[in-house]
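Okay, input_28.txt now, which holds compact mmCIF, C-alpha atoms:
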# COMPACT_ATOMS: atom_id res chain seq x y z
CA MET J 968 17.75 -69.92 25.85
CA SER J 969 19.67 -66.65 25.65
CA SER J 970 19.25 -63.61 23.45
CA MET J 971 18.89 -64.34 19.81
CA PRO J 972 21.21 -62.53 17.42
CA VAL J 973 19.44 -60.13 15.18
CA GLY J 974 19.04 -61.13 11.59
CA ARG J 975 18.85 -64.85 12.09
CA MET J 976 15.17 -65.11 12.74
CA GLU J 977 12.94 -66.86 10.29
CA THR J 978 9.22 -66.54 10.28
CA ASP J 979 7.40 -69.73 11.08
CA SER J 980 5.58 -70.99 8.05
CA ARG J 981 3.34 -73.35 10.06
CA GLY J 982 0.83 -70.62 10.90
CA GLY J 983 -0.33 -69.46 14.31
CA PRO J 984 1.70 -67.51 16.78
CA ALA J 985 5.03 -68.56 18.14
CA SER J 986 4.63 -69.73 21.71
CA ILE J 987 6.55 -70.13 24.92
CA GLY J 988 5.05 -72.91 27.00
CA LYS J 989 4.37 -72.75 30.70
CA ALA J 990 7.33 -74.95 31.54
CA VAL J 991 9.75 -72.64 29.75
CA LYS J 992 11.75 -69.89 31.41
CA ILE J 993 13.66 -67.35 29.36
CA ALA J 994 16.04 -64.70 30.61
CA GLY J 995 17.12 -62.27 27.95
CA GLN J 996 15.84 -60.32 25.00
CA ILE J 997 13.10 -61.58 22.74
CA PHE J 998 12.61 -60.06 19.31
CA SER J 999 9.86 -61.40 17.13
CA ARG J 1000 8.51 -60.66 13.70
CA GLU J 1001 5.37 -62.65 14.29
CA ASP J 1002 2.68 -62.89 16.92
CA LEU J 1003 3.86 -64.43 20.19
CA TYR J 1004 2.05 -66.32 22.93
CA VAL J 1005 3.85 -66.48 26.27
CA ASP J 1006 2.61 -68.88 28.91
CA GLY J 1007 5.93 -69.36 30.68
CA ASP J 1008 8.36 -67.10 32.52
CA VAL J 1009 10.19 -64.33 30.73
CA GLU J 1010 12.64 -61.93 32.25
CA GLY J 1011 14.23 -59.20 30.16
CA THR J 1012 12.61 -57.47 27.19
CA ILE J 1013 10.07 -58.48 24.57
CA GLU J 1014 9.77 -56.60 21.30
CA LEU J 1015 7.22 -57.36 18.61
CA MET J 1016 6.86 -54.02 16.97
CA ASP J 1017 4.12 -54.83 14.46
CA HIS J 1018 2.67 -57.90 16.07
CA LYS J 1019 0.54 -59.13 18.88
CA LEU J 1020 1.78 -60.40 22.22
CA THR J 1021 -0.47 -62.56 24.35
CA ILE J 1022 0.47 -63.41 27.92
CA GLY J 1023 -1.33 -66.61 28.80
CA PRO J 1024 -2.94 -67.32 32.17
CA ASN J 1025 0.24 -69.03 33.40
CA GLY J 1026 2.54 -66.44 31.92
CA LYS J 1027 4.77 -64.37 34.16
CA VAL J 1028 6.60 -61.64 32.34
CA HIS J 1029 9.08 -59.51 34.19
CA ALA J 1030 10.13 -57.43 31.24
CA GLY J 1031 9.73 -54.29 29.24
CA VAL J 1032 7.29 -54.95 26.42
CA LYS J 1033 6.83 -53.32 23.04
CA ALA J 1034 4.24 -54.60 20.60
CA ARG J 1035 1.45 -53.52 18.32
CA GLU J 1036 -1.11 -55.18 20.54
CA VAL J 1037 -0.86 -56.78 23.99
CA VAL J 1038 -3.38 -59.11 25.59
CA ALA J 1039 -2.70 -59.99 29.22
CA LEU J 1040 -4.30 -62.97 30.89
CA GLY J 1041 -1.37 -63.61 33.23
CA ALA J 1042 1.09 -61.33 34.97
CA ILE J 1043 3.26 -58.57 33.61
CA GLN J 1044 5.68 -56.54 35.64
CA GLY J 1045 7.30 -53.92 33.50
CA ASN J 1046 6.48 -51.02 31.24
CA VAL J 1047 4.31 -51.77 28.24
CA GLU J 1048 4.16 -49.92 24.95
CA ALA J 1049 1.34 -51.11 22.71
CA SER J 1050 1.06 -48.91 19.66
CA GLU J 1051 -2.49 -50.01 18.91
CA ARG J 1052 -4.10 -51.45 22.00
CA ILE J 1053 -3.70 -53.29 25.28
CA GLU J 1054 -6.21 -55.55 26.90
CA ILE J 1055 -6.00 -56.62 30.55
CA ARG J 1056 -8.31 -59.50 31.21
CA LYS J 1057 -10.02 -60.49 34.40
CA ASP J 1058 -7.59 -62.17 36.83
CA ALA J 1059 -4.62 -60.67 35.00
CA LYS J 1060 -2.12 -58.51 36.80
CA LEU J 1061 -0.08 -55.68 35.34
CA VAL J 1062 2.32 -53.57 37.31
CA GLY J 1063 4.05 -50.91 35.26
CA ASP J 1064 3.49 -47.89 33.09
CA ILE J 1065 1.43 -48.22 29.93
CA LYS J 1066 1.68 -46.22 26.75
CA THR J 1067 -0.95 -47.10 24.18
CA ALA J 1068 -3.61 -45.79 21.85
CA ARG J 1069 -6.36 -47.76 23.52
CA ILE J 1070 -6.82 -49.76 26.70
CA VAL J 1071 -9.43 -52.28 27.72
CA ILE J 1072 -9.44 -53.48 31.33
CA GLU J 1073 -11.93 -56.01 32.61
CA ASP J 1074 -13.43 -55.96 36.08
CA GLY J 1075 -11.33 -58.12 38.33
CA ALA J 1076 -8.06 -57.25 36.66
CA TYR J 1077 -5.35 -55.71 38.78
CA PHE J 1078 -3.43 -52.76 37.47
CA LYS J 1079 -0.90 -50.59 39.23
CA GLY J 1080 0.86 -47.86 37.32
CA SER J 1081 0.19 -45.05 34.91
CA ILE J 1082 -1.62 -44.89 31.60
CA ASP J 1083 -0.67 -42.54 28.78
CA ILE J 1084 -3.01 -42.59 25.81
CA VAL J 1085 -1.04 -41.81 22.70
CA LYS J 1086 -3.13 -41.83 19.59
CA ALA J 1087 -1.21 -43.18 16.66
CA GLU J 1088 -0.83 -40.68 13.87
CA PRO J 1089 -2.81 -41.73 10.83
CA LYS J 1090 -0.59 -43.45 8.35
CA ILE J 1091 0.03 -41.30 5.36
CA THR J 1092 -0.06 -43.44 2.26
CA PRO J 1093 2.26 -42.32 -0.48
CA SER J 1094 0.10 -39.91 -2.38
CA GLN J 1095 -0.31 -39.98 -6.09
CA PRO J 1096 1.44 -37.10 -7.70
CA ARG J 1097 -0.96 -34.28 -7.67
CA PRO J 1098 -2.25 -33.46 -11.09
CA GLN J 1099 -0.82 -30.20 -12.12
CA PRO J 1100 -3.54 -27.63 -12.45
CA GLN J 1101 -4.30 -26.94 -16.08
CA PRO J 1102 -3.88 -23.37 -17.02
CA ALA J 1103 -7.24 -21.75 -17.25
CA ALA J 1104 -8.32 -21.24 -20.83
CA ALA J 1105 -7.92 -17.62 -21.68
CA ALA J 1106 -11.33 -16.05 -21.71
CA PRO J 1107 -12.06 -13.87 -24.63
CA ALA J 1108 -11.67 -10.33 -23.66
CA ALA J 1109 -14.95 -8.81 -22.87
CA PRO J 1110 -15.66 -5.95 -25.10
CA VAL J 1111 -15.07 -2.81 -23.28
CA ALA J 1112 -17.48 -0.15 -23.94
CA ALA J 1113 -15.50 2.81 -24.92
CA ALA J 1114 -16.06 5.71 -22.69
CA VAL J 1115 -17.77 8.35 -24.53
CA GLY J 1116 -15.36 11.09 -25.30
CA ALA J 1117 -12.43 9.52 -23.54
CA PRO J 1118 -9.31 9.21 -25.56
CA ASP J 1119 -7.53 5.81 -25.55
CA ALA J 1120 -4.59 6.03 -23.29
CA LYS J 1121 -1.38 4.25 -24.20
CA ARG J 1122 1.02 3.36 -21.42
CA MET D 620 -5.01 -34.43 72.87
CA GLY D 621 -5.46 -36.68 69.90
CA ILE D 622 -7.27 -35.24 66.95
CA LEU D 623 -9.03 -38.43 66.29
CA ARG D 624 -10.65 -40.80 68.70
CA GLY D 625 -9.41 -44.25 69.26
CA THR D 626 -5.69 -43.46 69.19
CA ARG D 627 -3.72 -46.45 70.35
CA ASP D 628 -0.16 -46.88 71.53
CA ALA D 629 2.16 -47.74 68.73
CA ALA D 630 3.14 -51.37 68.68
CA GLU D 631 6.67 -52.59 68.28
CA ASN D 632 8.04 -51.92 64.87
CA ALA D 633 8.05 -55.15 63.00
CA PRO D 634 8.23 -56.12 59.36
CA PRO D 635 4.79 -57.04 58.19
CA VAL D 636 4.00 -60.68 57.80
CA PRO D 637 1.59 -61.65 55.07
CA LEU D 638 -1.75 -62.16 56.71
CA ASN D 639 -4.01 -65.03 55.86
CA ASN D 640 -6.85 -63.79 58.01
CA PRO D 641 -10.02 -63.01 56.19
CA PRO D 642 -10.64 -59.26 55.99
CA ARG D 643 -12.82 -57.53 58.49
CA PHE D 644 -15.48 -57.11 55.94
CA VAL D 645 -18.89 -58.43 56.61
CA PRO D 646 -20.77 -59.90 53.69
CA GLY D 647 -24.33 -58.80 53.75
CA THR D 648 -26.68 -56.09 52.84
CA ARG D 649 -27.35 -54.28 56.08
CA GLY D 650 -27.07 -50.55 56.19
CA ARG D 651 -28.23 -47.88 53.85
CA LYS D 652 -26.92 -48.12 50.36
CA MET D 653 -26.41 -45.50 47.72
CA PRO D 654 -28.43 -45.51 44.56
CA ASP D 655 -26.80 -47.08 41.52
CA THR D 656 -26.27 -43.75 39.82
CA ARG D 657 -25.85 -40.50 41.64
CA GLN D 658 -24.99 -36.94 40.90
CA SER D 659 -21.79 -35.73 42.51
CA ARG D 660 -21.05 -32.08 43.06
CA GLY D 661 -17.70 -33.02 44.49
CA LEU D 662 -16.73 -34.81 41.30
CA GLU D 663 -17.88 -31.88 39.22
CA GLN D 664 -15.94 -29.46 41.39
CA PHE D 665 -12.85 -31.64 41.22
CA PHE D 666 -12.66 -31.80 37.43
CA THR D 667 -13.91 -28.28 36.87
CA SER D 668 -10.87 -27.14 38.80
CA PHE D 669 -8.74 -28.53 35.97
CA ARG D 670 -10.82 -27.10 33.18
CA ASP D 671 -8.82 -26.01 30.14
CA GLN D 672 -5.77 -27.90 31.29
CA THR D 673 -4.36 -31.08 29.79
CA GLY D 674 -1.45 -33.32 30.57
CA LEU D 675 -2.13 -33.39 34.29
CA SER D 676 -1.40 -36.36 36.55
CA ILE D 677 -4.48 -37.79 38.25
CA LEU D 678 -4.23 -40.61 40.80
CA ASP D 679 -7.19 -42.90 41.40
CA LEU D 680 -6.93 -44.85 44.65
CA GLY D 681 -10.00 -46.97 43.98
CA GLY D 682 -8.41 -49.37 41.53
CA ALA D 683 -8.51 -49.31 37.75
CA HIS D 684 -12.01 -49.10 36.34
CA GLN D 685 -12.52 -48.76 32.60
CA GLU D 686 -14.91 -45.86 32.99
CA ASN D 687 -12.53 -43.83 35.12
CA ILE D 688 -9.62 -44.49 32.81
CA ASN D 689 -11.69 -43.43 29.80
CA PHE D 690 -12.92 -40.27 31.45
CA VAL D 691 -9.58 -39.04 32.76
CA THR D 692 -7.61 -39.89 29.63
CA SER D 693 -10.30 -38.36 27.38
CA LEU D 694 -9.52 -35.09 29.11
CA GLY D 695 -5.91 -35.48 28.02
CA HIS D 696 -4.53 -36.38 31.43
CA ARG D 697 -2.28 -39.18 32.56
CA PHE D 698 -4.11 -41.70 34.73
CA TYR D 699 -2.43 -43.39 37.68
CA SER D 700 -4.06 -46.31 39.42
CA GLU D 701 -3.65 -47.81 42.87
CA ASP D 702 -5.94 -50.41 44.39
CA CYS D 703 -5.69 -49.13 47.95
CA LEU D 704 -8.42 -51.33 49.31
CA ARG D 705 -6.74 -54.47 48.04
CA ILE D 706 -3.42 -53.42 49.53
CA PHE D 707 -5.20 -52.49 52.75
CA GLN D 708 -6.73 -55.94 53.00
CA GLU D 709 -3.42 -57.62 52.24
CA THR D 710 -1.61 -55.51 54.84
CA PHE D 711 -4.03 -55.43 57.74
CA GLY D 712 -6.50 -58.24 57.18
CA GLN D 713 -8.90 -58.62 60.06
CA ASP D 714 -6.57 -57.42 62.80
CA GLN D 715 -7.74 -53.91 63.53
CA ALA D 716 -5.05 -53.26 66.15
CA ASP D 717 -2.34 -53.56 63.54
CA GLN D 718 -3.37 -50.31 61.94
CA SER D 719 -1.29 -48.64 64.65
CA ASN D 720 1.78 -50.76 63.89
CA PRO D 721 4.35 -48.39 62.33
CA GLY D 722 5.86 -51.21 60.31
CA ARG D 723 2.53 -52.11 58.75
CA ILE D 724 1.64 -48.47 58.19
CA ASP D 725 4.94 -47.93 56.44
CA PHE D 726 4.44 -51.08 54.39
CA PHE D 727 0.95 -50.02 53.36
CA LEU D 728 2.13 -46.58 52.29
CA ARG D 729 5.10 -47.98 50.39
CA GLN D 730 2.86 -50.41 48.54
CA SER D 731 0.04 -47.99 47.73
CA MET D 732 1.52 -44.49 47.68
CA ASP D 733 5.16 -44.78 46.81
CA TYR D 734 5.47 -41.62 44.75
CA PRO D 735 7.71 -38.57 44.85
CA ASP D 736 6.51 -35.45 46.57
CA GLU D 737 4.34 -33.11 44.50
CA GLN D 738 3.70 -35.72 41.82
CA PHE D 739 -0.04 -35.29 41.32
CA ASP D 740 -2.39 -32.55 40.27
CA GLY D 741 -5.37 -34.47 41.61
CA VAL D 742 -6.17 -37.50 43.72
CA LEU D 743 -9.45 -39.40 43.72
CA ALA D 744 -9.56 -41.11 47.10
CA TRP D 745 -13.26 -42.10 46.92
CA ASP D 746 -14.16 -43.83 50.22
CA VAL D 747 -10.75 -45.41 50.81
CA LEU D 748 -9.92 -43.24 53.81
CA GLU D 749 -13.02 -44.45 55.63
CA TYR D 750 -11.50 -47.87 56.14
CA MET D 751 -8.67 -46.48 58.24
CA GLU D 752 -8.23 -46.17 61.96
CA PRO D 753 -6.70 -42.92 63.25
CA PRO D 754 -2.98 -43.80 63.20
CA LEU D 755 -3.12 -45.06 59.63
CA LEU D 756 -5.52 -42.32 58.61
CA LEU D 757 -3.22 -39.56 59.84
CA ALA D 758 -0.21 -41.09 58.11
CA THR D 759 -2.14 -41.48 54.88
CA ALA D 760 -3.45 -37.91 54.96
CA GLU D 761 0.10 -36.67 55.45
CA ARG D 762 1.33 -38.78 52.54
CA LEU D 763 -1.47 -37.49 50.31
CA TRP D 764 -0.59 -33.93 51.20
CA ARG D 765 3.02 -34.53 50.21
CA MET D 766 2.13 -36.26 46.94
CA LEU D 767 -0.07 -33.40 45.76
CA LYS D 768 1.35 -30.47 43.86
CA PRO D 769 0.66 -26.98 45.20
CA GLN D 770 -2.92 -26.08 44.21
CA GLY D 771 -3.61 -29.78 43.74
CA TYR D 772 -6.99 -31.23 44.71
CA LEU D 773 -8.11 -34.29 46.62
CA LEU D 774 -11.64 -35.72 46.46
CA ALA D 775 -12.74 -38.05 49.25
CA PHE D 776 -16.06 -39.50 50.35
CA PHE D 777 -17.16 -40.19 53.89
CA GLN D 778 -20.34 -41.77 55.18
CA SER D 779 -22.55 -40.05 57.67
CA ALA D 780 -21.04 -39.32 61.06
CA ASP D 781 -24.01 -40.97 62.73
CA ARG D 782 -23.63 -44.36 61.23
CA LYS D 783 -23.05 -47.03 63.82
CA GLU D 784 -23.97 -50.23 62.08
CA THR D 785 -21.97 -51.83 59.31
CA VAL D 786 -20.81 -49.41 56.67
CA PRO D 787 -21.20 -50.25 53.00
CA GLY D 788 -18.21 -50.08 50.71
CA TYR D 789 -18.54 -49.02 47.09
CA ASP D 790 -16.90 -48.89 43.72
CA PHE D 791 -17.21 -45.50 42.07
CA ARG D 792 -17.18 -45.21 38.30
CA ILE D 793 -17.33 -41.92 36.49
CA GLN D 794 -20.10 -41.67 33.94
CA ASP D 795 -19.64 -38.01 33.15
CA LEU D 796 -18.53 -34.82 34.81
CA ARG D 797 -21.37 -34.91 37.34
CA THR D 798 -22.47 -38.53 37.47
CA LEU D 799 -21.12 -41.55 39.26
CA GLN D 800 -22.15 -45.14 38.89
CA VAL D 801 -22.00 -46.65 42.33
CA SER D 802 -21.83 -50.37 42.98
CA HIS D 803 -21.96 -51.87 46.40
CA HIS D 804 -19.28 -54.49 46.96
CA THR D 805 -19.02 -55.08 50.67
CA GLU D 806 -20.17 -54.23 54.16
CA ARG D 807 -17.53 -53.49 56.74
CA LEU D 808 -17.36 -52.83 60.43
CA PRO D 809 -17.13 -49.14 61.23
CA THR D 810 -13.82 -47.71 62.35
CA GLN D 811 -13.45 -45.94 65.67
CA GLN D 812 -13.21 -42.67 63.81
CA LEU D 813 -16.42 -40.81 63.14
CA PHE D 814 -16.28 -38.49 60.19
CA ASN D 815 -18.01 -35.19 60.75
CA ASN D 816 -17.10 -31.76 59.45
CA ARG D 817 -15.01 -30.92 62.49
CA SER D 818 -12.97 -34.09 62.45
CA LEU D 819 -12.43 -33.82 58.71
CA GLU D 820 -11.26 -30.23 59.02
CA ARG D 821 -8.73 -31.40 61.58
CA LEU D 822 -7.67 -34.31 59.43
CA PHE D 823 -6.98 -32.01 56.49
CA GLN D 824 -5.68 -29.07 58.48
CA LYS D 825 -2.45 -28.92 56.45
CA PHE D 826 -4.40 -28.22 53.30
CA ASP D 827 -5.27 -24.69 52.20
CA SER D 828 -8.99 -25.24 51.92
CA VAL D 829 -11.59 -27.86 52.77
CA LYS D 830 -14.98 -27.84 51.12
CA PHE D 831 -17.91 -30.10 51.97
CA PHE D 832 -20.91 -31.26 50.00
CA LEU D 833 -23.43 -33.20 52.05
CA THR D 834 -25.72 -35.31 49.96
CA ARG D 835 -29.21 -36.62 50.56
CA ASP D 836 -27.88 -40.11 51.17
CA HIS D 837 -25.73 -38.79 54.03
CA LEU D 838 -22.50 -38.93 52.13
CA ARG D 839 -19.93 -36.21 52.77
CA GLU D 840 -18.07 -35.31 49.62
CA VAL D 841 -14.93 -33.48 50.57
CA ILE D 842 -12.71 -31.44 48.26
CA VAL D 843 -9.43 -30.29 49.69
CA ARG D 844 -6.86 -28.12 48.01
CA LYS D 845 -3.21 -28.01 48.89
Using C-alpha cells, write down the structure from this file.
Amino acid sequence: MSSMPVGRMETDSRGGPASIGKAVKIAGQIFSREDLYVDGDVEGTIELMDHKLTIGPNGKVHAGVKAREVVALGAIQGNVEASERIEIRKDAKLVGDIKTARIVIEDGAYFKGSIDIVKAEPKITPSQPRPQPQPAAAAPAAPVAAAVGAPDAKR
Amino acid sequence: MGILRGTRDAAENAPPVPLNNPPRFVPGTRGRKMPDTRQSRGLEQFFTSFRDQTGLSILDLGGAHQENINFVTSLGHRFYSEDCLRIFQETFGQDQADQSNPGRIDFFLRQSMDYPDEQFDGVLAWDVLEYMEPPLLLATAERLWRMLKPQGYLLAFFQSADRKETVPGYDFRIQDLRTLQVSHHTERLPTQQLFNNRSLERLFQKFDSVKFFLTRDHLREVIVRK
C-alpha cells in the first residue's frame, strides 16, 4: 500500500478506529481523518491532526507522527507531535523527540529523546458582537449655587 | 600513575557483540539502603542554580520517570532522557573486563550520550557513574564535560567510600526542589573504584568547581560546574 492521494479519503461509517493489523506493513505517508490503530509496521509519516493514534503492542512505527493524541503500547522511532497528549505505556518504547501539551509515561516504558511541553492556546470561540455601550443618560445639571457677588462669566 | 585504581590494559578494539549474559547485578537486599524519601541538598543546589531561567536543556541519565519529567518541564525547561543503566547492561553485561574495551566504551557512549558539545545546561547523573570501572568512568566524565555548556551543572551521587559489600542501586524521582523519592531496584557488586572526595576531585578535575554534600546515609552528593 503506497501513499494515498489527498482528497480521496472517506470516513468509515462503521464506527471504531481504522486499523492496521499486525501482519500489515506500510511504507509511505498515512493521512487520516479518523482515529487510527496501528498494530503492524509503518515506515514514513503518520498524520491525524485532530484524531487519536494508538500504536498496539505489536506495532512498530518508524515514522514522524502528528496527531491530537498518541497512545503507545508498541514501538515508535521518530519524532512525535501530539497537540493534546501522549501516553507511553509500560513495555512500550519510544525513541525520538516529543512535542505535546501533556505526557504520561508508565514505569517500565522506555523513552529516549527530548520532551517539549507546549500548552495549547485556549480556543477562542467566535465571540458574540459586543453590545455597544448605551450612552449614559444625561444627568440633570446639578444646580450650581451662585457665588455670592460673583458676576456670571460668559465665554 | 593512574588517577583511579584498577586501571587495566585496553583490550583489542572490537565491535561490540550483543551480550546475553545476565548483568552483574545481585538480586537481594544486603547492604544499607536509603530511606524511601530523602532530602537532597545537591538537588536543591542544582535547580537553584537555574532559578529565574526557563527554556534550558536538562539531561536525565536515570531513565524517564514521570515525576522527573513533570518537575523539569514545570520549570519551563526541555527534558532529555537517557536510560544509561539499561544501555550499560546491554553493552557490558556481566563481563567486568569489557569496561576497558575501547570498542565497547565507544559503543556505550554513542548509545547513551550521542549529543553535540555544549548541548546541556544541566545533567542529572544520579548514581549512574558508580556502576563504571575506571576506563569507562574516565571516558564518561570526559563526555559529560563536553556535553555541558559553560557554567553548566552536573549532579551525581556516590555511595560511601568505605562500602565493600554489595552496593544498592536506586531510582531517583523528584518530589520537589529538595525532596527525592528513592526506590531500591537492585544490588550490584562494587566496582574497583572507591569514591571518596579525593578521587572525585580528580575525576572531575576538568570542571571549574566541585562541591560535596555528605548525607547521613553515607551518600556523597556531588555538584560540579563546568
Inset, instruction - Considering all atoms listed in the file, return as a PyMOL selection string whatever protein or nucleic-acid residues lie within 8 Å of J:Gly1026, sequence-local ones (same chain, fewer than 5 positions apart) excluded. - result: chain J and resi 989+1005-1008+1040-1042
Inset, instruction - Identify all chain J residues at most 9 Å from chain D by counting only C-alpha atoms; ligands do not count. Present them as a list in words. - result: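 Every residue of chain J that passes the 9 Å test is in Asp1064, Ile1070, Val1071, Ile1072, Glu1073, Asp1074, Ala1076, Tyr1077, Phe1078, Lys1079, Gly1080, Ser1081, Ile1082, Asp1083 and Ile1084 of chain J.
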Inset, instruction - State, in Å with one decimal place, the distance from atom CA of D:Arg729 to atom CA of D:Phe707. - result: 11.5 Å
Inset, instruction - Counting all atoms listed in the file, figure out which residue out of J:Ile1022, J:Val1028, J:Leu1003, J:Ile1053 gets nearest to J:Pro984. - result: J:Leu1003
Inset, instruction - For atom CA of D:Tyr772 and atom CA of D:Gln708, quote the distance in Å rounded to one decimal. - result: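 So the two atoms, atom CA of D:Tyr772 and atom CA of D:Gln708, lie 26.1 Å apart.
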Inset, instruction - Just give me the gap between atom CA of D:Pro753 and atom CA of D:Phe823 in Å, one decimal is fine. - result: 12.8 Å
Legend entry - Surrounding residues of D:Ala760 excluding itself and chain neighbours under 5 positions, 10 Å, all atoms listed in the file, as a list in words: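 Residues near the query, excluding close chain neighbours: Leu748, Leu755, Arg765, Met766, Leu822, Phe823, Gln824, Lys825 and Phe826 of chain D.
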Legend entry - Residue contacts of stretch 792-803 of chain D (10 Å, only C-alpha atoms) excluding same-chain residues fewer than 2 positions away, as an NGL selection string: :D and (648 or 652-667 or 681 or 683-691 or 745 or 787-790 or 805-806)
Can you write just those residues out, C-alpha atoms, as an mmCIF file, in the frame of the given file?
data_model
loop_
_atom_site.group_PDB
_atom_site.id
_atom_site.type_symbol
_atom_site.label_atom_id
_atom_site.label_comp_id
_atom_site.auth_asym_id
_atom_site.auth_seq_id
_atom_site.Cartn_x
_atom_site.Cartn_y
_atom_site.Cartn_z
ATOM 1 C CA THR D 648 -26.680 -56.090 52.840
ATOM 2 C CA LYS D 652 -26.920 -48.120 50.360
ATOM 3 C CA MET D 653 -26.410 -45.500 47.720
ATOM 4 C CA PRO D 654 -28.430 -45.510 44.560
ATOM 5 C CA ASP D 655 -26.800 -47.080 41.520
ATOM 6 C CA THR D 656 -26.270 -43.750 39.820
ATOM 7 C CA ARG D 657 -25.850 -40.500 41.640
ATOM 8 C CA GLN D 658 -24.990 -36.940 40.900
ATOM 9 C CA SER D 659 -21.790 -35.730 42.510
ATOM 10 C CA ARG D 660 -21.050 -32.080 43.060
ATOM 11 C CA GLY D 661 -17.700 -33.020 44.490
ATOM 12 C CA LEU D 662 -16.730 -34.810 41.300
ATOM 13 C CA GLU D 663 -17.880 -31.880 39.220
ATOM 14 C CA GLN D 664 -15.940 -29.460 41.390
ATOM 15 C CA PHE D 665 -12.850 -31.640 41.220
ATOM 16 C CA PHE D 666 -12.660 -31.800 37.430
ATOM 17 C CA THR D 667 -13.910 -28.280 36.870
ATOM 18 C CA GLY D 681 -10.000 -46.970 43.980
ATOM 19 C CA ALA D 683 -8.510 -49.310 37.750
ATOM 20 C CA HIS D 684 -12.010 -49.100 36.340
ATOM 21 C CA GLN D 685 -12.520 -48.760 32.600
ATOM 22 C CA GLU D 686 -14.910 -45.860 32.990
ATOM 23 C CA ASN D 687 -12.530 -43.830 35.120
ATOM 24 C CA ILE D 688 -9.620 -44.490 32.810
ATOM 25 C CA ASN D 689 -11.690 -43.430 29.800
ATOM 26 C CA PHE D 690 -12.920 -40.270 31.450
ATOM 27 C CA VAL D 691 -9.580 -39.040 32.760
ATOM 28 C CA TRP D 745 -13.260 -42.100 46.920
ATOM 29 C CA PRO D 787 -21.200 -50.250 53.000
ATOM 30 C CA GLY D 788 -18.210 -50.080 50.710
ATOM 31 C CA TYR D 789 -18.540 -49.020 47.090
ATOM 32 C CA ASP D 790 -16.900 -48.890 43.720
ATOM 33 C CA THR D 805 -19.020 -55.080 50.670
ATOM 34 C CA GLU D 806 -20.170 -54.230 54.160
#
